[in-house]
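*Asks:* I am attaching a structure below and will ask some questions about it afterwards.
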Amino acid sequence: MAKIRIYLKDTPDEIEEPYTYREAKDLIWNLEIAEKISEREQMAEEREKEYIMDIGLWAEGYRGLTWNRVQKVAQALDESQPGWRKERNEHYILLSKVAELNPQLAERWGRAGLKF
């Protein structure tokens, strides 16, 4: 029961006693699986936030594009324009914001005829 209470600490009303050994074991197993699934979903979400675009590939054409610049801009866009990551043209939204915050890059990219 102590292990079950740890998992359900935020919802003590859901603990119904007494459990048989088998019921408690099954409940603990289900709670552990749910916790692992939640952790994996969180990790996937974090990875998705970090891996916005293939910087190496894009930086070949968009000189001056760096991982740090992309991360800062992505964070700013997350705050000012939630949902931008789901847009069909998300990479160009990101590049446009990088250009806006880095006028020297906008000038360089414009001279090269790049879309942003």
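Ordered as shown in the structure tokens, chains take letters A, B, and onward, while each chain numbers its residues from 1 and ligands are numbered from 1 in the order shown.
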Could you give me, as a compact mmCIF listing (two decimals) with N, CA and C atoms, in the first residue's frame, each residue of stretch 34-107 of chain A that DSSP assigns to alpha helix (DSSP H) when run on this structure's backbone?
*Replies:*
```txt
# COMPACT_ATOMS: atom_id res chain seq x y z
N ALA A 34 2.26 3.48 -16.65
CA ALA A 34 1.74 4.81 -16.97
C ALA A 34 2.82 5.87 -16.73
N GLU A 35 3.59 5.71 -15.67
CA GLU A 35 4.66 6.66 -15.37
C GLU A 35 5.74 6.61 -16.46
N LYS A 36 6.10 5.42 -16.90
CA LYS A 36 7.12 5.29 -17.96
C LYS A 36 6.63 5.90 -19.26
N ILE A 37 5.37 5.67 -19.58
CA ILE A 37 4.80 6.25 -20.81
C ILE A 37 4.84 7.77 -20.72
N SER A 38 4.47 8.31 -19.58
CA SER A 38 4.49 9.75 -19.39
C SER A 38 5.90 10.31 -19.54
N GLU A 39 6.87 9.63 -18.95
CA GLU A 39 8.27 10.07 -19.07
C GLU A 39 8.74 10.04 -20.51
N ARG A 40 8.38 9.00 -21.25
CA ARG A 40 8.79 8.90 -22.66
C ARG A 40 8.13 9.99 -23.50
N GLU A 41 6.87 10.27 -23.21
CA GLU A 41 6.18 11.34 -23.94
C GLU A 41 6.85 12.69 -23.67
N GLN A 42 7.23 12.91 -22.42
CA GLN A 42 7.93 14.15 -22.06
C GLN A 42 9.27 14.25 -22.77
N MET A 43 10.02 13.15 -22.79
CA MET A 43 11.31 13.13 -23.46
C MET A 43 11.14 13.39 -24.95
N ALA A 44 10.15 12.78 -25.56
CA ALA A 44 9.90 12.99 -26.99
C ALA A 44 9.55 14.45 -27.26
N GLU A 45 8.76 15.03 -26.39
CA GLU A 45 8.39 16.43 -26.53
C GLU A 45 9.62 17.33 -26.42
N GLU A 46 10.48 17.04 -25.46
CA GLU A 46 11.71 17.83 -25.29
C GLU A 46 12.62 17.68 -26.50
N ARG A 47 12.75 16.44 -27.01
CA ARG A 47 13.58 16.21 -28.20
C ARG A 47 13.03 16.97 -29.39
N GLU A 48 11.71 16.96 -29.53
CA GLU A 48 11.08 17.67 -30.64
C GLU A 48 11.35 19.17 -30.55
N LYS A 49 11.31 19.70 -29.34
CA LYS A 49 11.59 21.12 -29.17
C LYS A 49 13.05 21.43 -29.51
N GLU A 50 13.94 20.51 -29.15
CA GLU A 50 15.36 20.75 -29.40
C GLU A 50 15.71 20.54 -30.86
N ILE A 55 20.17 21.60 -38.61
CA ILE A 55 20.98 22.81 -38.72
C ILE A 55 22.10 22.63 -39.74
N GLY A 56 22.76 21.49 -39.71
CA GLY A 56 23.85 21.24 -40.65
C GLY A 56 23.41 21.40 -42.09
N LEU A 57 22.26 20.86 -42.41
CA LEU A 57 21.74 20.94 -43.78
C LEU A 57 21.34 22.37 -44.14
N TRP A 58 20.59 23.01 -43.27
CA TRP A 58 20.10 24.37 -43.55
C TRP A 58 21.24 25.39 -43.51
N ALA A 59 22.22 25.19 -42.64
CA ALA A 59 23.31 26.15 -42.49
C ALA A 59 24.20 26.20 -43.72
N GLU A 60 24.18 25.15 -44.54
CA GLU A 60 24.96 25.17 -45.78
C GLU A 60 24.50 26.32 -46.68
N GLY A 61 23.22 26.51 -46.78
CA GLY A 61 22.69 27.60 -47.60
C GLY A 61 22.52 28.88 -46.82
N TRP A 67 22.80 26.57 -34.12
CA TRP A 67 21.88 25.88 -33.22
C TRP A 67 21.41 26.85 -32.14
N ASN A 68 22.33 27.65 -31.58
CA ASN A 68 21.95 28.60 -30.52
C ASN A 68 20.94 29.62 -31.03
N ARG A 69 21.16 30.16 -32.22
CA ARG A 69 20.22 31.13 -32.77
C ARG A 69 18.85 30.49 -32.98
N VAL A 70 18.85 29.30 -33.50
CA VAL A 70 17.58 28.60 -33.74
C VAL A 70 16.85 28.36 -32.43
N GLN A 71 17.56 27.94 -31.39
CA GLN A 71 16.93 27.66 -30.11
C GLN A 71 16.35 28.92 -29.49
N LYS A 72 17.09 30.03 -29.54
CA LYS A 72 16.59 31.29 -28.98
C LYS A 72 15.34 31.75 -29.73
N VAL A 73 15.38 31.65 -31.05
CA VAL A 73 14.25 32.09 -31.85
C VAL A 73 13.04 31.19 -31.62
N ALA A 74 13.29 29.89 -31.53
CA ALA A 74 12.19 28.95 -31.29
C ALA A 74 11.52 29.25 -29.97
N GLN A 75 12.30 29.55 -28.97
CA GLN A 75 11.75 29.89 -27.66
C GLN A 75 10.91 31.16 -27.74
N ALA A 76 11.42 32.16 -28.44
CA ALA A 76 10.68 33.41 -28.61
C ALA A 76 9.37 33.17 -29.36
N LEU A 77 9.43 32.35 -30.40
CA LEU A 77 8.22 32.04 -31.16
C LEU A 77 7.21 31.25 -30.33
N ASP A 78 7.70 30.34 -29.50
CA ASP A 78 6.80 29.57 -28.63
C ASP A 78 6.00 30.51 -27.73
N GLU A 79 6.63 31.59 -27.29
CA GLU A 79 5.95 32.53 -26.41
C GLU A 79 5.03 33.48 -27.19
N SER A 80 5.52 33.98 -28.31
CA SER A 80 4.75 34.99 -29.04
C SER A 80 3.76 34.42 -30.05
N GLU A 90 6.77 25.87 -41.12
CA GLU A 90 7.42 26.17 -39.84
C GLU A 90 8.88 26.58 -39.99
N HIS A 91 9.60 25.97 -40.94
CA HIS A 91 11.02 26.31 -41.10
C HIS A 91 11.19 27.75 -41.58
N TYR A 92 10.30 28.18 -42.44
CA TYR A 92 10.41 29.56 -42.93
C TYR A 92 9.92 30.58 -41.90
N ILE A 93 9.00 30.17 -41.05
CA ILE A 93 8.61 31.03 -39.93
C ILE A 93 9.83 31.24 -39.04
N LEU A 94 10.53 30.15 -38.76
CA LEU A 94 11.72 30.20 -37.93
C LEU A 94 12.82 31.04 -38.59
N LEU A 95 13.08 30.79 -39.86
CA LEU A 95 14.12 31.54 -40.57
C LEU A 95 13.78 33.03 -40.62
N SER A 96 12.52 33.34 -40.81
CA SER A 96 12.09 34.73 -40.86
C SER A 96 12.37 35.43 -39.53
N LYS A 97 12.10 34.73 -38.44
CA LYS A 97 12.34 35.31 -37.11
C LYS A 97 13.85 35.43 -36.85
N VAL A 98 14.64 34.45 -37.30
CA VAL A 98 16.10 34.54 -37.16
C VAL A 98 16.58 35.79 -37.91
N ALA A 99 16.07 35.97 -39.12
CA ALA A 99 16.46 37.13 -39.94
C ALA A 99 16.04 38.44 -39.26
N GLU A 100 14.84 38.45 -38.69
CA GLU A 100 14.35 39.65 -38.01
C GLU A 100 15.25 40.04 -36.84
N LEU A 101 15.69 39.04 -36.10
CA LEU A 101 16.52 39.31 -34.92
C LEU A 101 18.00 39.48 -35.26
N PRO A 103 19.69 41.19 -38.34
CA PRO A 103 19.62 41.90 -39.62
C PRO A 103 20.78 41.61 -40.57
N GLN A 104 21.97 41.36 -40.00
CA GLN A 104 23.12 41.06 -40.85
C GLN A 104 22.89 39.76 -41.62
N LEU A 105 22.22 38.79 -41.00
CA LEU A 105 21.91 37.54 -41.68
C LEU A 105 20.84 37.77 -42.75
N ALA A 106 19.84 38.58 -42.41
CA ALA A 106 18.78 38.89 -43.38
C ALA A 106 19.39 39.51 -44.63
N GLU A 107 20.33 40.42 -44.42
CA GLU A 107 20.98 41.08 -45.56
C GLU A 107 21.77 40.06 -46.39
```
*Asks:* How many Å lie between atom CA of A:Thr20 and atom CA of A:Glu32, rounded to one decimal?
*Replies:*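 Atom CA of A:Thr20 sits 18.2 Å away from atom CA of A:Glu32.
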*Asks:* Please compute the atom CA of A:Arg111-atom CA of A:Lys86 distance, one decimal, in Å.
*Replies:*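 Calculated distance between atom CA of A:Arg111 and atom CA of A:Lys86 is 29.2 Å.
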*Asks:* One number please: atom CA of A:Met1 to atom CA of A:Tyr21, in Å, one decimal.
*Replies:*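 Interatomic distance here is 9.8 Å.
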